[in-house]
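Written below as structure tokens is the structure these notes are about.
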Amino acid sequence: MTHENEAIRLIPLFPLAAVVVSGLWLLFARGSMSRGAVIAIGCGAPILSFLVSLREVFQLTRLDEGQRFFVDNLYTWISADPFHAELSFLLDPLSAVMILVVTGVGSLIHIYSVGYMDDDHREDRGFQRFFLYLNLFTFSMLMLVLGDNLLVMFVGWEGVGLCSYLLIGFWYLEDHNAMCGQKAFLVNRIGDFGFLLGIFLLFWAFASVGSPTVEFHEMSANVGKLADTMVTLPPALSFLPAFPAWKLLTLACLCLFVGACGKSAQLPLYTWLPDAMAGPTPVSALIHAATMVTAGVYMVCRMSFAFSLAPGASATVAWVGGLTAVFAATIALTQKDIKKVLAYSTVSQLGYMFLAAGSMAYSAAVYHLATHAFFKALLFLGAGSVILGMHHEQDIDKMGGLRRRMRWTHRWFLCGVLAIAGVPFLSGFFSKDEVLLGAFAAHDLPGHMALYAIGVLTAGLTAFYMLRLHYRVFAGETRATPEVYNAVHESNRWVLMPLAVLAALSVGVWLLSPPDLWGELLFGGMRKSHSLHYFLQEAAFSAPHDVSHATELGLAALATLFALAGIAAASFLYYFKPEMVDRLTDRVRPVYDVLWNKYWVDEIYDFLIVRPLLWVSENVLYRLVDADLIDRIGVNGTARAVRGVANRGLKFLQTGFTQSYLVIMLIGALGIIAYMMRGAS
Amino acid sequence: MMPNLDLSAISPMIFVAVGAILLPLLEVLLARMIERRRSWLGRTVNREMASTAIVIFTVLLLVLALLRTVGTFDLPVAHFNLDHPMIAVDQLTRFLNAVLLISAILTVLVSSRYLADIGMDHGEFYALLLASLLGMMLLGAATDLIMLFLALELMSIPIYALAGFQRSSLKSNESALKYFIIGSFASALLLYGCALLYGATGTVELAEIARGFDPENPLTLLGAALVLVGFAFKIASVPFHQWAPDVYEGAPTTVTGFMATAVKVAAFGALIRVVAVGLQPGAEIMYGVFWWLAVLSMTVGNVMAIIQQNTKRMLAYSSVAHGGYMLVGICVGTQSGYAGLLFYLLVYTFMTIGAFTVLAILTRDGREVSRIDDLAGLHETHPFAAIVMTLCMFSLAGIPPLAGFWGKWYLLTGAVERATAIGDTSLIVLAVVLVMNSAISLAYYLRLPVVMYMREARGADRPDATAGALQTTVLWVCALAIVLIGVVPGDFLILFGDYDLIASARVAASAVSP
């Protein structure tokens with residue numbers, strides 16, 4: 001059985017080719033390609049990738065159990081004995097799920113973008129540039145998920161970060177957008193630094209046990225050797241007070257998780273994601289909801305062999321995830337910008353995924369990742385359709401009653417809302433239950449019951465703020481001015497078609513692989529191997545749980561109860577008795593203010609980190625170190641000294657007279673002769 | 001020993017020799033045809049056609065010779081003997097010849113247009129160039145002192161003539177005369193050294209000299225010292241460098257480029273052979289000499305280059321400094337040291353010819369763009385030339401990942417390896433001096449890009465640049481070489497055939513190293 005499969009490279013190749021063609025055009029030709037060509041190239045590439053992905057994933061499922069992986073080795077990237085890094089791709093169940101999400105949802109969003117970016121005349125070549133960046137993003141993301149070692153993954157990791165930066169600031173003529181792009185980039189740098197440290201640490205650790213590698217299969221095979229290695233300080237640092245007795249793997253995994261926190265917007269590095277909403281809405285849907293921000297979750301699952309041997313690190317992951325989930329959900333309760341609500345919701349849902357990954361229920365994390373990709377992309381695209389219809393108005397206080405003017409958008413959006421709210425038998429319901437079950441069953445996780453409680457509470461909050469959003473936008477009487485309201489129009493087909501597909505997926509994607517319990521209950525004879533949980537076991541082994549079916553159903557009922565309570569509360573407040581909202585808000589004014597101001601986290605960061613840094617940078621580093629020490633004394637001083645020596649000392653020897661040259665040569669020759677003959681007898 | 005006249009081994013040299021002999025005849029023939037208004041292929045022969053024919057003929061010969069050289073690189077050593085070995089065609093010779101031929105081809109391609117621009121479009125130019133090239137190729141191959149001296153003179157005398165080729169220019173004349181007088185002086189010292197070595201050892205063959213080398217015998221030492229002085233002049237090493245700025249400035253620009261590269265390549269090649277074979281027993285005594293020559297050349301060359309206002313003089317001092325860098329390879333004196341040097345010669349050839357080509361292109365109606373400030377605004381008038389110039393400057397300064405960086409890298413690693421192997425701190429000092437000098441050199445290398453990109457061209461003095469097709473080709477070749485040698489890792493070069501350049505340099509160096 002060979003695992004070589006050269007078709008894998010086609011998957012990232014299509015978007016790359018599109019980038020190259022389109023990029024060369026932009027570099028060398030004047031003007032833009034024709035609209036049709038841009039659409040054909042820009043949308044064709046991800047669609048072709050999707051088709052190839054489908055085919056290869058199908059091939060993958062036909063392989064024997066336990067042997068399901070394809071490798072496509074392009075060439076040796078770094079060869080520095082004994083270390084080798086190949087540029088090669090790995091398609092296993094984990095990356096299979098990821099590429100289907102990336103290329104599938106990605107294709108739909110590309111198509112949607114045709115309709116959404118249609119009115120973009122702010123810059124003459126913006127349309128083509130936009131698709132170029134989207135394709136570049138798709139390529140980078142595929143490198144990230146397909147890379148079979150940490151280095152290739154890191155290349156993709158940085159690539160998606162770059163694209164995120166480019167696309168957040170896509171409308172760069174407005175300063176605010178450019179600043180938001182920078183913020184995302186800088187916050188991600190902090191995370192990437194941790195990620196890099198983790199890679200170095202792992203490589204060093206694996207090298208010290210005789211297998212210098214960053215390749216996933218090899219690391220996984222050798223990770224047992226590191227299970228009991230403790231962190232030891234190098235002799236040079238022995239003066240430091242005793243370091244807590246940490247396992248090396250724990251430290252490495254924590255470093256990796258810092259990277260995941262940055263990319264996936266977890267506490268305390270989440271602040272960039274709400275600001276990233278400055279980008280065009282398809283970008284928010286693709287990058288900041290469905291794919292890039294889940295890279296951190298993917299990485300933790302990919303490194304599950306290490307995390308599962310580092311319980312301390314896993315517990316940190318779970319707690320950070322759980323706290324982020326509830327923290328972001330509370331902020332989302334009060335926000336008024338339609339995209340900000342969705343952004344905090346994304347942060348919260350990513351927290352869910354980390355909660356599952358930290359509970360070692362990796363399949364639950366990936367399951368929720370996949371379903372979330374569908375319904376959150378749907379919600380963002382729906383929001384985009386609303387924004388289009390409202391002519392770039394994003395404040396939900398100025399919406400309302402849009403149901404009558406945007407029938408289809410309303411319907412599809414509602415599918416997404418109900419899916420994320422956890423209404424039974426929609427996809428979000430199943431994946432959320434898996435996550436909560438994972439936390440409930442993780443007996444080794446300190447405080448797992450508290451985390452479960454947080455998860456259930458968050459489910460209620462989620463249902464509440466999503467329904468609130470829906471009512472504020474679509475229900476009741478409009479709060480928009482009559483001129484605006486009358487100008488609202490339904491979006492075009494390019495926009496509505498992807499919405500319909502995503503709505504169908506949000507409702508029914510779970511049918512492809514229902515969780516074990518539901519598969520048995522609903523479809524009786526369905527074989528176990530159909531569940532995603534079972535499929536993923538060989539790529540990321542999830543700890544088995546001992547929860548009985550009855551308990552599991554009870555848990556599901558409890559979560560559903562909370563979700564329905566959230567829905568009921570939101571319906572009561574925002575549909576039946578909207579006039580009560582203000583009174584209630586006044587009642588809880590202090591709490592409301594805290595949430596409305598997002599716990600003042602941005603302000604705190606600004607005060608604690610940004611300003612001191614700027615002060616040191618301006619006064620110490622720039623004025624003192626750079627201007628005085630380096631420029632005046634170092635650079636200019638040396639230059640003046642050299643020039644002085646040359647002008648006063650050496651220049652006079654260069655007279656231009658042949659005679660004097662000969663004299664100097666003669667002196668030199670005599671010098672050499674004297675030097676050489678000093679040893680002669 | 002039986003005479004061994006393996007002509008196929010020296011066929012590249014024969015190509016060049018044939019060219020040197022036939023070109024004057026061809027020139028006369030063409031001049032006749034022009035005079036009598038003969039037509040060829042239906043067109044009346046004019047000066048332009050004639051010079052095109054000559055360039056095509058010359059380049060064809062040189063390319064054939066280059067292909068032959070590269071194609072036979074891996075063949076075993078071929079000796080060309082009379083009663084004792086006089087010429088050795090080994091990997092070192094072939095490597096040097098390849099570099100020399102590349103330098104000559106590039107020079108010829110640039111020259112045709114340039115000569116027309118300065119009104120000196122005569123076929124003798126190419127004949128002289130080929131004669132000199134023949135001397136260079138033989139110089140690197142010479143294994144006895146007589147051949148060595150003959151080759152040296154064969155190389156030098158046509159170069160004197162070439163330096164003064166622009167007869168109408170006073171500076172060109174001065175340049176030729178100065179070069180000739182000082183060169184004769186140096187040749188005399190070298191010849192005297194050869195004579196003394198012969199007197200001390202009783203042989204002119206390098207391998208035999210090594211056998212009879214007595215480090216205590218004053219005659220031997222004096223002879224060795226004088227030979228070194230002769231080479232130090234040819235490579236323009238401080239304090240035997242003072243001719244270089246004057247000669248480089250006065251000579252026609254393309255000749256300067258040829259001198260700055262090919263003469264250095266040939267002289268260093270011969271120096272490697274002389275030091276590693278003939279004078280090997282005196283290596284420890286000579287080490288100090290080379291050490292001081294290297295340090296002085298690097299430092300004085302770079303410091304003096306900073307205060308130059310004339311581009312060609314600046315490049316002349318830069319070439320002195322690069323001679324110093326290369327001497328580090330001689331100081332190391334191991335295979336990796338020599339390999340680093342040879343690799344450096346190759347990349348140095350591309351970046352220097354590239355820089356001089358840009359200067360040659362800017363020459364119009366005999367008026368040179370002499371001062372650095374005259375390059376202001378070049379990026380507007382000829383963006384490609386400005387890019388190539390910038391690449392050359394960055395590469396000369398050794399900025400990664402360009403070729404020049406790797407040249408310095410291999411020299412440095414050679415020095416550090418050797419220093420750690422024998423525990424010699426003076427080599428570490430040398431490496432440190434090299435690095436510090438690279439930093440100093442940025443001061444003047446970066447000045448050109450600054451002037452070209454950040455300063456406005458001034459009305460009348462706008463550099464006027466329209467490169468001919470051949471000249472543009474040379475710019476492309478140099479730019480690509482600088483970038484590709486620098487950027488593309490070894491693994492990738494296999495795509496273009498098995499040309500791992502540093503590995504070839506190692507093979508070449510192993511031909512002579514102990």
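Scheme for the structure tokens: letters A, B, ... for chains in order shown; per-chain residue numbers from 1; ligand numbers from 1 in order shown.
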Expected answer as a list of chain:residue names: chain A residues within 8 Å of chain B, only C-alpha atoms
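Every residue of chain A that passes the 8 Å test is in A:Val642, A:Arg643, A:Ala646, A:Asn647, A:Leu650, A:Lys651, A:Gln654, A:Gly656, A:Thr658, A:Tyr661, A:Leu662, A:Ile664, A:Met665, A:Gly668, A:Ala669, A:Ile672, A:Ile673, A:Tyr675, A:Met676, A:Met677, A:Gly679, A:Ala680, A:Ser681.
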Please dump the current selection as an mmCIF file, in the first residue's frame; keep N, CA, C and O atoms.
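Result written to selection.cif:
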data_model
loop_
_atom_site.group_PDB
_atom_site.id
_atom_site.type_symbol
_atom_site.label_atom_id
_atom_site.label_comp_id
_atom_site.auth_asym_id
_atom_site.auth_seq_id
_atom_site.Cartn_x
_atom_site.Cartn_y
_atom_site.Cartn_z
ATOM 1 N N VAL A 642 37.213 58.183 9.771
ATOM 2 C CA VAL A 642 37.783 57.512 8.595
ATOM 3 C C VAL A 642 38.150 58.534 7.526
ATOM 4 O O VAL A 642 39.237 58.515 6.942
ATOM 5 N N ARG A 643 37.196 59.441 7.282
ATOM 6 C CA ARG A 643 37.417 60.457 6.270
ATOM 7 C C ARG A 643 38.656 61.295 6.607
ATOM 8 O O ARG A 643 39.462 61.636 5.750
ATOM 9 N N ALA A 646 41.749 59.331 5.871
ATOM 10 C CA ALA A 646 41.976 59.226 4.431
ATOM 11 C C ALA A 646 42.465 60.558 3.868
ATOM 12 O O ALA A 646 43.447 60.611 3.111
ATOM 13 N N ASN A 647 41.800 61.628 4.281
ATOM 14 C CA ASN A 647 42.147 62.923 3.698
ATOM 15 C C ASN A 647 43.510 63.420 4.143
ATOM 16 O O ASN A 647 44.303 63.901 3.355
ATOM 17 N N LEU A 650 46.378 59.495 4.149
ATOM 18 C CA LEU A 650 46.720 58.634 3.020
ATOM 19 C C LEU A 650 46.739 59.364 1.687
ATOM 20 O O LEU A 650 47.461 58.989 0.782
ATOM 21 N N LYS A 651 45.934 60.418 1.626
ATOM 22 C CA LYS A 651 45.756 61.026 0.323
ATOM 23 C C LYS A 651 47.061 61.619 -0.214
ATOM 24 O O LYS A 651 47.324 61.582 -1.409
ATOM 25 N N GLN A 654 49.206 59.610 -2.501
ATOM 26 C CA GLN A 654 48.753 59.359 -3.870
ATOM 27 C C GLN A 654 48.997 60.620 -4.701
ATOM 28 O O GLN A 654 48.098 61.378 -5.006
ATOM 29 N N GLY A 656 50.253 61.009 -7.837
ATOM 30 C CA GLY A 656 50.091 61.002 -9.277
ATOM 31 C C GLY A 656 51.426 60.941 -10.000
ATOM 32 O O GLY A 656 51.479 60.800 -11.218
ATOM 33 N N THR A 658 54.743 59.112 -11.079
ATOM 34 C CA THR A 658 55.228 57.745 -11.203
ATOM 35 C C THR A 658 56.460 57.511 -10.327
ATOM 36 O O THR A 658 56.600 56.461 -9.706
ATOM 37 N N TYR A 661 55.538 56.780 -6.835
ATOM 38 C CA TYR A 661 54.960 55.445 -6.729
ATOM 39 C C TYR A 661 56.071 54.407 -6.650
ATOM 40 O O TYR A 661 56.025 53.470 -5.859
ATOM 41 N N LEU A 662 57.065 54.598 -7.532
ATOM 42 C CA LEU A 662 58.144 53.606 -7.584
ATOM 43 C C LEU A 662 58.902 53.575 -6.266
ATOM 44 O O LEU A 662 59.293 52.511 -5.785
ATOM 45 N N ILE A 664 57.741 54.242 -3.322
ATOM 46 C CA ILE A 664 56.932 53.535 -2.316
ATOM 47 C C ILE A 664 56.975 52.032 -2.575
ATOM 48 O O ILE A 664 57.098 51.215 -1.655
ATOM 49 N N MET A 665 56.896 51.656 -3.868
ATOM 50 C CA MET A 665 57.004 50.231 -4.198
ATOM 51 C C MET A 665 58.317 49.652 -3.718
ATOM 52 O O MET A 665 58.374 48.553 -3.170
ATOM 53 N N GLY A 668 58.287 49.144 -0.126
ATOM 54 C CA GLY A 668 57.497 47.955 0.167
ATOM 55 C C GLY A 668 58.271 46.690 -0.127
ATOM 56 O O GLY A 668 58.272 45.747 0.680
ATOM 57 N N ALA A 669 58.925 46.660 -1.284
ATOM 58 C CA ALA A 669 59.696 45.475 -1.656
ATOM 59 C C ALA A 669 60.791 45.210 -0.635
ATOM 60 O O ALA A 669 61.004 44.071 -0.196
ATOM 61 N N ILE A 672 59.345 43.672 2.409
ATOM 62 C CA ILE A 672 59.045 42.242 2.264
ATOM 63 C C ILE A 672 60.321 41.421 2.327
ATOM 64 O O ILE A 672 60.408 40.392 3.009
ATOM 65 N N ILE A 673 61.352 41.925 1.616
ATOM 66 C CA ILE A 673 62.623 41.181 1.599
ATOM 67 C C ILE A 673 63.174 41.081 3.015
ATOM 68 O O ILE A 673 63.558 39.996 3.486
ATOM 69 N N TYR A 675 61.585 41.241 5.795
ATOM 70 C CA TYR A 675 60.752 40.377 6.613
ATOM 71 C C TYR A 675 61.068 38.917 6.340
ATOM 72 O O TYR A 675 61.211 38.111 7.254
ATOM 73 N N MET A 676 61.216 38.582 5.044
ATOM 74 C CA MET A 676 61.405 37.179 4.707
ATOM 75 C C MET A 676 62.789 36.691 5.056
ATOM 76 O O MET A 676 62.988 35.512 5.320
ATOM 77 N N MET A 677 63.747 37.597 5.031
ATOM 78 C CA MET A 677 65.114 37.125 5.220
ATOM 79 C C MET A 677 65.547 37.172 6.680
ATOM 80 O O MET A 677 66.669 36.840 7.002
ATOM 81 N N GLY A 679 64.889 35.244 8.901
ATOM 82 C CA GLY A 679 65.194 33.919 9.413
ATOM 83 C C GLY A 679 66.375 33.270 8.701
ATOM 84 O O GLY A 679 66.742 32.148 9.021
ATOM 85 N N ALA A 680 66.957 33.984 7.718
ATOM 86 C CA ALA A 680 68.018 33.343 6.950
ATOM 87 C C ALA A 680 69.286 33.243 7.789
ATOM 88 O O ALA A 680 69.528 34.056 8.669
ATOM 89 N N SER A 681 70.058 32.238 7.489
ATOM 90 C CA SER A 681 71.282 32.042 8.256
ATOM 91 C C SER A 681 72.347 33.004 7.765
ATOM 92 O O SER A 681 72.357 33.381 6.601
#
Using DSSP on the backbone coordinates, identify all residues within segment 174-393 of chain A classified as helix (DSSP H, G or I); present the result as number ranges by chain.
A: 175-208, 216-226, 235-237, 248-263, 272-278, 281-290, 292-302, 304-307, 311-332, 338-358, 362-389
Can you pull out the residues contacting segment 473-485 of chain B? Cut-off 6 Å, using only C-alpha atoms, and skip same-chain residues under 2 positions away; I want them as a ChimeraX atom specification.
/B:350,354,388,402-403,470-471,487-488
Give me the residues near segment 379-382 of chain B as a CSV table (one decimal) with N, CA and C atoms, in the first residue's frame, where near means some atom within 6 Å (using only C-alpha atoms) and where sequence neighbours in that chain fewer than 3 positions away do not count.
chain,number,residue,atom,x,y,z
B,385,ALA,N,19.7,49.9,-15.9
B,385,ALA,CA,21.1,50.1,-15.6
B,385,ALA,C,21.2,50.5,-14.1
B,386,ALA,N,20.3,51.3,-13.6
B,386,ALA,CA,20.4,51.6,-12.2
B,386,ALA,C,20.2,50.4,-11.3
B,452,MET,N,21.8,57.5,-7.3
B,452,MET,CA,21.0,57.2,-8.5
B,452,MET,C,19.5,57.3,-8.2
B,453,TYR,N,19.1,56.9,-7.0
B,453,TYR,CA,17.6,56.9,-6.7
B,453,TYR,C,17.1,58.1,-6.0
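Among the candidates B:Thr203, B:Thr261, B:Ser426, B:Thr93, the residue lying nearest to Ala142 of chain B is B:Thr93 (atoms considered: only C-alpha atoms).
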Taken to one decimal, the atom CA of Ala131 of chain B-atom CA of Asn4 of chain B distance is 24.1 Å
Residues near Leu502 of chain A, anyone? I mean within 9 Å using only C-alpha atoms, not counting same-chain ones fewer than 5 positions away, as a PyMOL selection string.
chain A and resi 105+108+374-375+377-378+412+416+497+507
Which residues, written as a PyMOL selection string, have at least one atom at most 9 Å from segment 116-124 of chain B, with only C-alpha atoms counted and residues fewer than 5 positions away on the same chain left out?
chain B and resi 23-24+26-28+47-48+50-51+54-55+111+129+165-167+252+363-367
Please provide the set of residues having any atom within 7 Å of Leu256 of chain A, restricted to only C-alpha atoms, with same-chain residues fewer than 3 positions apart removed, written as a PyMOL selection string.
chain A and resi 194-195+198+252-253+259-260
Residue with smallest distance to Thr201 of chain B - pool B:Leu5, B:Gly278, B:Leu115, B:Val255, counting only C-alpha atoms:
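Distance minimum relative to Thr201 of chain B lands on B:Gly278.
With only C-alpha atoms as the atoms that count, the minimum distance from His372 of chain A to the choices A:Trp510, A:Phe307, A:Trp408, A:Tyr605 is reached by A:Trp510.
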What is the distance between atom CA of Thr371 of chain A and atom CA of Leu402 of chain A, in Å to one decimal?
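Between these atoms lies a distance of 26.7 Å.
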